[in-house]
Each structure stands twice: as structure tokens, then as C-alpha cells.
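*Asks:* What follows is start_36.cif, made up of mmCIF, C-alpha atoms:
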data_my_file
#
loop_
_atom_site.label_atom_id
_atom_site.label_comp_id
_atom_site.auth_asym_id
_atom_site.auth_seq_id
_atom_site.Cartn_x
_atom_site.Cartn_y
_atom_site.Cartn_z
CA MET P 681 -167.66 -111.69 244.33
CA ARG P 682 -164.92 -114.11 243.35
CA LEU P 683 -166.92 -115.22 240.39
CA HIS P 684 -167.34 -111.60 239.23
CA ARG P 685 -163.57 -110.94 239.36
CA ALA P 686 -162.79 -114.08 237.37
CA LYS P 687 -165.21 -112.95 234.64
CA ARG P 688 -163.43 -109.60 234.31
CA GLU P 689 -160.03 -111.25 233.79
CA TYR P 690 -161.41 -113.53 231.12
CA GLY P 691 -162.87 -110.61 229.14
CA SER P 692 -159.69 -108.48 229.09
CA GLU P 693 -158.92 -106.81 225.71
CA ILE P 694 -156.31 -108.13 223.25
CA ASN P 695 -153.71 -105.56 222.22
CA ILE P 696 -154.34 -104.98 218.50
CA ALA P 697 -151.89 -102.09 218.02
CA PRO P 698 -149.14 -104.27 216.43
CA LEU P 699 -151.73 -105.83 214.12
CA ILE P 700 -152.83 -102.39 212.93
CA ASP P 701 -149.19 -101.41 212.38
CA VAL P 702 -148.58 -104.45 210.20
CA VAL P 703 -151.81 -103.96 208.24
CA PHE P 704 -150.99 -100.28 207.62
CA LEU P 705 -147.55 -101.23 206.37
CA LEU P 706 -149.12 -103.76 203.99
CA ILE P 707 -151.58 -101.10 202.72
CA ILE P 708 -148.74 -98.66 202.06
CA PHE P 709 -146.85 -101.41 200.20
CA PHE P 710 -149.80 -102.32 197.95
CA LEU P 711 -150.63 -98.64 197.37
CA THR P 712 -147.08 -97.94 196.21
CA VAL P 713 -146.92 -101.06 194.04
CA SER P 714 -150.26 -100.30 192.35
CA HIS P 715 -149.24 -96.65 191.81
CA ILE P 716 -145.93 -97.61 190.16
CA THR P 717 -147.74 -100.13 187.93
CA GLN P 718 -150.42 -97.61 186.93
CA VAL P 719 -147.85 -95.02 185.88
CA ARG P 720 -146.06 -97.42 183.52
CA VAL P 721 -148.99 -99.60 182.51
CA GLU P 722 -152.07 -98.06 180.87
CA ALA P 723 -155.50 -99.65 181.09
CA LEU P 724 -155.72 -101.51 177.77
CA SER P 725 -157.65 -104.46 176.45
CA LEU P 726 -154.75 -106.75 175.54
CA PRO P 727 -154.87 -109.56 172.97
CA GLU P 728 -155.01 -113.14 174.23
CA ALA P 729 -152.40 -115.83 173.65
CA ALA P 730 -152.14 -119.36 175.01
CA GLU P 731 -148.36 -119.72 174.59
CA ALA P 732 -147.43 -116.81 176.87
CA ASP P 733 -144.45 -116.68 179.18
CA LYS P 734 -145.35 -115.15 182.51
CA SER P 735 -141.80 -115.17 183.86
CA LYS P 736 -140.55 -112.86 181.10
CA TYR P 737 -143.25 -110.29 181.84
CA LEU P 738 -142.48 -110.25 185.53
CA ALA P 739 -138.77 -109.75 184.92
CA SER P 740 -137.88 -106.18 185.76
CA GLY P 741 -136.14 -103.70 183.48
CA HIS P 742 -138.65 -103.68 180.65
CA PHE P 743 -139.21 -100.44 178.84
CA ILE P 744 -143.00 -100.36 178.45
CA ILE P 745 -144.64 -98.80 175.37
CA ASN P 746 -148.46 -98.62 175.55
CA VAL P 747 -150.49 -98.27 172.36
CA HIS P 748 -154.16 -97.37 172.69
CA LYS P 749 -157.00 -98.42 170.39
CA ASN P 750 -156.90 -95.03 168.64
CA GLY P 751 -153.14 -95.31 168.06
CA ARG P 752 -152.06 -93.01 170.91
CA VAL P 753 -148.63 -94.03 172.23
CA VAL P 754 -148.07 -93.59 175.97
CA VAL P 755 -144.80 -94.18 177.84
CA SER P 756 -144.71 -93.60 181.62
CA GLY P 757 -147.90 -91.53 181.48
CA GLU P 758 -146.72 -89.25 178.66
CA THR P 759 -148.09 -89.26 175.11
CA TYR P 760 -145.61 -89.45 172.22
CA GLU P 761 -145.81 -89.00 168.47
CA THR P 762 -143.69 -91.28 166.26
CA ASP P 763 -140.86 -88.72 165.93
CA SER P 764 -140.75 -87.82 169.61
CA LEU P 765 -140.87 -91.51 170.53
CA GLU P 766 -137.80 -92.15 168.42
CA LEU P 767 -135.93 -89.25 170.05
CA MET P 768 -136.90 -90.38 173.52
CA LEU P 769 -135.89 -94.01 172.85
CA ARG P 770 -132.59 -92.87 171.37
CA ALA P 771 -131.86 -90.82 174.50
CA GLU P 772 -132.90 -93.73 176.69
CA GLN P 773 -130.54 -96.04 174.81
CA GLN P 774 -127.62 -93.64 175.20
CA ASN P 775 -128.27 -93.38 178.94
CA MET P 776 -128.04 -97.13 179.32
CA SER P 777 -124.66 -98.26 180.61
CA SER P 778 -124.67 -101.73 179.06
CA GLY P 779 -126.86 -103.99 176.93
CA GLY P 780 -129.74 -103.07 174.67
CA LEU P 781 -133.12 -101.70 175.62
CA SER P 782 -135.59 -104.46 176.51
CA VAL P 783 -138.96 -103.34 175.17
CA LEU P 784 -142.37 -104.59 176.26
CA LEU P 785 -144.99 -103.55 173.71
CA ARG P 786 -148.48 -103.31 175.20
CA GLY P 787 -150.91 -102.83 172.34
CA ASP P 788 -154.69 -102.71 172.53
CA ARG P 789 -156.26 -105.69 170.80
CA GLU P 790 -158.21 -103.39 168.45
CA ALA P 791 -155.25 -101.13 167.55
CA LEU P 792 -154.53 -101.17 163.82
CA TRP P 793 -151.46 -103.00 162.56
CA ALA P 794 -150.41 -99.90 160.57
CA ARG P 795 -149.76 -98.05 163.85
CA MET P 796 -148.10 -101.01 165.54
CA SER P 797 -145.77 -101.60 162.60
CA GLU P 798 -144.89 -97.87 162.60
CA ILE P 799 -143.68 -98.27 166.19
CA MET P 800 -141.83 -101.46 165.29
CA GLN P 801 -140.12 -99.58 162.44
CA VAL P 802 -138.89 -97.04 164.98
CA LEU P 803 -137.53 -99.89 167.12
CA THR P 804 -135.72 -101.56 164.22
CA LYS P 805 -134.24 -98.18 163.25
CA LEU P 806 -132.67 -98.07 166.71
CA GLY P 807 -131.38 -101.63 166.39
CA ILE P 808 -134.01 -103.17 168.66
CA ASN P 809 -135.03 -106.34 166.83
CA GLN P 810 -136.18 -108.38 169.80
CA ILE P 811 -139.33 -107.29 171.62
CA ASN P 812 -141.82 -108.72 174.07
CA VAL P 813 -145.52 -108.28 173.40
CA ALA P 814 -147.87 -108.14 176.38
CA VAL P 815 -150.76 -110.59 176.22
CA LEU P 816 -153.42 -112.02 178.47
CA GLU P 817 -153.92 -115.67 179.14
CA PRO P 818 -157.09 -116.88 177.38
CA SER P 819 -160.12 -116.48 179.63
CA GLY P 820 -161.95 -119.53 178.25
CA SER P 821 -161.65 -122.21 175.66
CA ASP P 822 -162.83 -119.87 172.84
CA GLN P 823 -160.35 -119.49 170.00
CA GLU P 824 -159.71 -116.26 168.09
CA SER P 825 -162.12 -116.32 165.16
CA LEU P 826 -161.37 -114.72 161.83
CA GLU P 827 -164.56 -112.60 161.77
CA MET U 670 -161.42 -98.99 217.04
CA ALA U 671 -163.34 -101.99 215.64
CA ALA U 672 -164.73 -99.91 212.75
CA MET U 673 -161.27 -98.66 211.86
CA VAL U 674 -159.91 -102.21 211.78
CA ASP U 675 -162.77 -103.16 209.44
CA ILE U 676 -161.96 -100.31 207.05
CA VAL U 677 -158.23 -101.05 207.13
CA PHE U 678 -158.88 -104.72 206.33
CA LEU U 679 -161.19 -103.76 203.46
CA LEU U 680 -158.49 -101.47 202.03
CA LEU U 681 -155.93 -104.24 202.37
CA ILE U 682 -158.15 -106.74 200.53
CA PHE U 683 -158.84 -104.16 197.79
CA PHE U 684 -155.17 -103.44 197.10
CA MET U 685 -154.22 -107.12 197.28
CA CYS U 686 -156.89 -107.96 194.69
CA THR U 687 -155.99 -105.13 192.28
CA SER U 688 -152.27 -105.95 192.40
CA SER U 689 -152.92 -109.63 191.65
CA ILE U 690 -155.15 -108.68 188.67
CA SER U 691 -152.33 -106.69 187.07
CA GLN U 692 -150.04 -109.74 187.34
CA LEU U 693 -152.31 -111.85 185.12
CA GLU U 694 -150.60 -110.27 182.12
CA SER U 695 -147.81 -112.21 180.48
CA SER U 696 -145.70 -111.78 177.38
CA LEU U 697 -144.63 -113.39 174.13
CA SER U 698 -141.22 -112.67 172.69
CA SER U 699 -140.94 -111.87 169.02
CA GLN U 700 -138.45 -110.52 166.54
CA VAL U 701 -139.09 -107.50 164.35
CA SER U 702 -137.90 -107.47 160.79
CA HIS U 703 -137.87 -104.52 158.41
CA LEU U 704 -136.56 -106.70 155.60
CA GLY U 705 -138.58 -108.77 153.20
CA PRO U 706 -137.72 -112.32 152.11
CA GLY U 707 -134.79 -112.54 149.75
CA SER U 708 -133.60 -109.03 150.58
CA GLY U 709 -130.16 -110.08 151.66
CA ARG U 710 -130.20 -110.95 155.32
CA GLU U 711 -132.49 -113.93 155.06
CA SER U 712 -130.61 -115.26 152.02
CA GLU U 713 -127.78 -116.39 154.31
CA ASP U 714 -130.33 -118.37 156.26
CA MET U 715 -133.33 -120.44 155.20
CA LEU U 716 -136.10 -118.54 153.42
CA PRO U 717 -138.83 -117.76 155.95
CA TYR U 718 -142.32 -119.21 155.88
CA ILE U 719 -144.68 -116.32 155.21
CA ILE U 720 -147.95 -115.82 157.06
CA ARG U 721 -150.04 -113.09 155.48
CA LEU U 722 -153.05 -111.40 157.06
CA GLU U 723 -155.40 -109.34 154.93
CA ARG U 724 -158.50 -107.39 155.81
CA VAL U 725 -161.57 -108.56 153.91
CA SER U 726 -165.19 -107.46 154.31
CA GLU U 727 -166.20 -110.39 156.56
CA GLY U 728 -163.10 -110.23 158.76
CA VAL U 729 -159.51 -111.26 158.21
CA LEU U 730 -158.03 -113.65 155.66
CA VAL U 731 -154.99 -115.53 156.93
CA SER U 732 -152.75 -117.54 154.64
CA LEU U 733 -149.58 -119.59 155.05
CA GLU U 734 -147.32 -119.62 152.00
CA ASP U 735 -150.20 -118.12 149.94
CA ARG U 736 -152.57 -120.93 150.92
CA PRO U 737 -155.54 -119.56 152.88
CA CYS U 738 -156.55 -121.06 156.23
CA ALA U 739 -160.13 -121.11 157.47
CA THR U 740 -159.35 -120.46 161.14
CA PHE U 741 -156.38 -119.82 163.40
CA GLU U 742 -156.73 -123.41 164.56
CA GLY U 743 -156.35 -124.42 160.90
CA LEU U 744 -153.27 -122.21 160.64
CA PHE U 745 -151.86 -123.89 163.75
CA GLU U 746 -152.45 -127.38 162.27
CA ARG U 747 -150.69 -126.39 159.03
CA LEU U 748 -147.82 -124.83 160.94
CA ARG U 749 -147.38 -127.93 163.05
CA GLU U 750 -147.36 -130.06 159.93
CA THR U 751 -144.74 -127.75 158.40
CA TYR U 752 -142.69 -127.81 161.59
CA THR U 753 -142.61 -131.62 161.85
CA ARG U 754 -141.73 -131.88 158.16
CA GLY U 755 -139.18 -129.10 157.78
CA GLY U 756 -137.87 -128.23 161.23
CA ASP U 757 -137.57 -124.87 162.90
CA GLY U 758 -137.34 -122.46 159.97
CA PRO U 759 -137.91 -118.75 160.44
CA VAL U 760 -141.47 -117.44 160.12
CA LEU U 761 -142.37 -113.93 158.97
CA ILE U 762 -145.80 -112.51 159.81
CA LYS U 763 -146.99 -109.82 157.41
CA GLY U 764 -150.17 -107.85 157.84
CA GLN U 765 -152.17 -105.24 156.01
CA GLY U 766 -152.34 -101.93 157.88
CA THR U 767 -156.06 -102.25 158.58
CA VAL U 768 -155.76 -105.63 160.33
CA PRO U 769 -156.44 -105.37 164.10
CA TYR U 770 -153.38 -106.14 166.25
CA ARG U 771 -155.05 -109.09 168.03
CA TYR U 772 -155.01 -111.15 164.80
CA MET U 773 -151.27 -110.56 164.41
CA VAL U 774 -150.73 -111.77 167.99
CA ALA U 775 -153.00 -114.77 167.33
CA ALA U 776 -150.77 -115.68 164.35
CA LEU U 777 -147.65 -115.31 166.54
CA ASP U 778 -149.29 -117.49 169.19
CA ALA U 779 -150.11 -120.17 166.58
CA CYS U 780 -146.44 -120.21 165.49
CA ARG U 781 -145.22 -120.57 169.06
CA ARG U 782 -147.71 -123.34 169.82
CA ALA U 783 -146.59 -125.18 166.70
CA GLY U 784 -142.99 -125.06 167.97
CA PHE U 785 -141.43 -122.29 165.85
CA GLN U 786 -138.95 -120.18 167.81
CA ARG U 787 -137.74 -117.75 165.16
CA VAL U 788 -140.89 -115.75 164.51
CA ALA U 789 -140.75 -112.15 163.32
CA PHE U 790 -143.27 -109.44 162.57
CA SER U 791 -142.63 -107.64 159.32
CA ALA U 792 -142.52 -103.94 160.16
CA LYS U 793 -142.53 -102.68 156.60
CA GLY U 794 -145.23 -100.33 155.38
CA GLU U 795 -149.00 -100.53 154.90
CA ASP U 796 -148.81 -103.21 152.23
CA SER U 797 -145.98 -105.20 153.74
#
Take the structure in this file and express it as C-alpha cells.
*Replies:*
Amino acid sequence: MRLHRAKREYGSEINIAPLIDVVFLLIIFFLTVSHITQVRVEALSLPEAAEADKSKYLASGHFIINVHKNGRVVVSGETYETDSLELMLRAEQQNMSSGGLSVLLRGDREALWARMSEIMQVLTKLGINQINVAVLEPSGSDQESLE
Amino acid sequence: MAAMVDIVFLLLIFFMCTSSISQLESSLSSQVSHLGPGSGRESEDMLPYIIRLERVSEGVLVSLEDRPCATFEGLFERLRETYTRGGDGPVLIKGQGTVPYRYMVAALDACRRAGFQRVAFSAKGEDS
């Protein structure tokens, strides 16, 4: 009888309610973070560069312009033509209290330079001469070939 | 309860993995110029070294100061040579409109690796 009672005490359940609370909080955090990132950052195949600066990308306050392979420009989930992009950027600049707009240009690796330079012309028109281009760190040792 | 904990942990692992994948992106800073060499602004400074990218049938032709390079590694070697000889002069990257963007970034990357800090994309027209 004594032996039976001792066995019961040993097998008592651990209270996992606080663990579940913490895990749920973590899930909500990651859900929110991934949602915010998805709204501003489109799924693109970015070009690779070895000399990339990760700290600059992670710095907040970048205005992200996504350019798809077919030349479609997307900012915060909305598609813009060249003219409307200029108007929107102008408005964005006027709303800023101090300093210039810090632009992060995320272009698809196969997007044509004609489209990219069109967007850069819009930026220079607004006095934005310094930009950051989003890149990926090289996956292997293979260099960009010219063919 | 045990099944729920399993699902919750799976969800947690999923979101942790996806958020770390998005952080693998990084950035390269660059200047944008709508002016060509000798058009006024650059004349106050040193004339920029020009990298030109043109679309040819087999791929892309890249040249530094009108001298073609066989590969981007070759461009990097030439840039490094130029950098050690002449110091940190400005570099202007010009591309034909039909050149894919990744080649322009590869040229920018080669400049950065060689040590050049003042690198600009020329945002003129199709035949800039």
C-alpha cells in the first residue's frame, strides 16, 4: 500500500500552462513580424553580392521599393506606375519631418536595367542620390558569369 | 493537451524559420547619377572611371574604360589594379536598357570589393 502511494506522487503532472502561454506569445510575435515583413517586402529573386552590408539592411526606416521581373513596381503591397510612384514619393518626402528619404531598392535579378534606371531617374528628380540596393549573400563559390 | 503542445511547437518552429530566412537579405549602398562624365558636376572632381555593360547575343559585354573584360572576376582584378594605382576615384556604371539588373549589381559588387567607395549608377536613358 505504501509503495503504491509513493508511485502516485512520483507520477504527478507538471503544470504546463505557463509554458503554453509563453509559446503562444512567441507565435503571435513571429506571426506579426512575418506579416509586417510580407507587406513591405515582395517575394523576389534578388541578385547576389559578396560585399554586402547586413547592418544597413536591418536598420529601420527604409522606404522599400520592390521591382518585379516584369517591371511591376510595388510599394507596401500597392502597384505603382512611374508617374504615380513619383507623386507618392513626393508626398512621402513632404510628410517627413527631417532628413531625406532613405530608399531600399529591391529589384528582381532578371528585371531589365531600363526599368530600374527609370525608377532611379524618379529618385534623382526628387533629390535622392543615395540608395541602398537589396542583395543576397552568395549561396556558393560560383561567380556571376557573363553568359 | 499533448497534441496541442505538439502543434504549437511546430507553429513556433515554422515562424522562427521563416523570419530568419527573410533576414538573410543584406544591402549595398550606391549613388545614383543622372549626369554623364564632363557634364559639369564631375568636372569639379576627378573624372569617373566608366564601367559599361552592353547586351550581346551570347550574354553581356562588360568593359572598364572601353577595355572589355572577360569575366566579372577579370573586371574586379582590373579595378583593384586601378584602385592601387590611382586611389579612390569615382566610378560610374552605365548599362544598356536590355541588360538584366543582376549584372549591374555584380559590377557594383566588383567595385566595392576592389575598394572603391564612390560608385554610382548612371540613371540616364536606354543608351546611357
*Asks:* With the cut-off set at 8 Å and counting all atoms listed in the file, tabulate each residue of chain U with an atom at most that distance from an atom of chain P, showing the nearest atom pair and its distance in Å to one decimal, ordered by chain and increasing number, as a Markdown table.
*Replies:*
| residue | atom | partner | partner_atom | distance |
| --- | --- | --- | --- | --- |
| U:Val674 | CA | P:Ile700 | CA | 7.2 |
| U:Val677 | CA | P:Val703 | CA | 7.1 |
| U:Phe678 | CA | P:Val703 | CA | 7.4 |
| U:Leu680 | CA | P:Ile707 | CA | 7.0 |
| U:Leu681 | CA | P:Ile707 | CA | 5.4 |
| U:Phe684 | CA | P:Phe710 | CA | 5.6 |
| U:Met685 | CA | P:Phe710 | CA | 6.6 |
| U:Thr687 | CA | P:Ser714 | CA | 7.5 |
| U:Ser688 | CA | P:Ser714 | CA | 6.0 |
| U:Gln692 | CA | P:Leu738 | CA | 7.8 |
| U:Leu693 | CA | P:Leu816 | CA | 6.7 |
| U:Glu694 | CA | P:Leu816 | CA | 4.9 |
| U:Ser695 | CA | P:Lys734 | CA | 4.3 |
| U:Ser696 | CA | P:Ala814 | CA | 4.4 |
| U:Leu697 | CA | P:Ala732 | CA | 5.2 |
| U:Ser698 | CA | P:Asn812 | CA | 4.2 |
| U:Ser699 | CA | P:Ile811 | CA | 5.5 |
| U:Gln700 | CA | P:Gln810 | CA | 4.5 |
| U:Val701 | CA | P:Asn809 | CA | 4.9 |
| U:Ser702 | CA | P:Asn809 | CA | 6.8 |
| U:His703 | CA | P:Gln801 | CA | 6.8 |
| U:Glu727 | CA | P:Glu827 | CA | 5.9 |
| U:Gly728 | CA | P:Glu827 | CA | 4.1 |
| U:Val729 | CA | P:Leu826 | CA | 5.3 |
| U:Leu730 | CA | P:Leu826 | CA | 7.1 |
| U:Ala739 | CA | P:Leu826 | CA | 7.8 |
| U:Thr740 | CA | P:Leu826 | CA | 6.1 |
| U:Phe741 | CA | P:Glu824 | CA | 6.8 |
| U:Glu742 | CA | P:Gln823 | CA | 7.6 |
| U:Gly764 | CA | P:Trp793 | CA | 6.9 |
| U:Gln765 | CA | P:Trp793 | CA | 7.0 |
| U:Gly766 | CA | P:Ala794 | CA | 3.9 |
| U:Thr767 | CA | P:Leu792 | CA | 5.6 |
| U:Val768 | CA | P:Trp793 | CA | 5.5 |
| U:Pro769 | CA | P:Leu792 | CA | 4.6 |
| U:Tyr770 | CA | P:Trp793 | CA | 5.2 |
| U:Arg771 | CA | P:Arg789 | CA | 4.5 |
| U:Tyr772 | CA | P:Glu824 | CA | 7.7 |
| U:Met773 | CA | P:Trp793 | CA | 7.8 |
| U:Val774 | CA | P:Pro727 | CA | 6.8 |
| U:Ala775 | CA | P:Ala729 | CA | 6.4 |
| U:Asp778 | CA | P:Ala729 | CA | 5.7 |
| U:Arg781 | CA | P:Glu731 | CA | 6.4 |
| U:Arg782 | CA | P:Glu731 | CA | 6.0 |
| U:Ser791 | CA | P:Ser797 | CA | 7.6 |
| U:Ala792 | CA | P:Ser797 | CA | 4.7 |
| U:Lys793 | CA | P:Ser797 | CA | 6.9 |
| U:Gly794 | CA | P:Ala794 | CA | 7.3 |
| U:Glu795 | CA | P:Ala794 | CA | 5.9 |
*Asks:* Just the number, please: distance in Å from atom CA of Leu733 of chain U to atom CA of Ile720 of chain U, one decimal.
*Replies:*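 Distance reported for this atom pair: 4.6 Å.
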*Asks:* Using Å and a single decimal, report how far atom CA of His742 of chain P sits from atom CA of Pro759 of chain U.
*Replies:*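 Going from atom CA of Pro759 of chain U over to atom CA of His742 of chain P covers 25.2 Å.
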*Asks:* At what distance in Å, to one decimal, does atom CA of Ala789 of chain U lie from atom CA of Ala771 of chain P?
*Replies:*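 Interatomic distance, atom CA of Ala771 of chain P to atom CA of Ala789 of chain U: 25.7 Å.
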*Asks:* Using only C-alpha atoms, find the one residue out of P:Leu806, P:Ile694, P:Val754, P:Glu722 that sits nearest to Glu772 of chain P.
*Replies:*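 Result for the nearest residue to Glu772 of chain P: P:Leu806.
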*Asks:* Could you state which residues are captured by the PyMOL selection byres ((chain U and resi 756) around 12) in this file, as a list in words?
*Replies:*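 On the file shown, the PyMOL selection byres ((chain U and resi 756) around 12) covers Met715, Pro717, Tyr718, Leu748, Arg749, Glu750, Thr751, Tyr752, Thr753, Arg754, Gly755, Asp757, Gly758, Pro759, Val760, Ala783, Gly784, Phe785, Gln786 and Arg787 of chain U.
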*Asks:* Applied to this file, what does the PyMOL selection byres ((chain P and resi 761) around 12) return in terms of residues, put as a ChimeraX atom specification?
*Replies:* /P:747,751-755,758-760,762-769,795,798-799,802
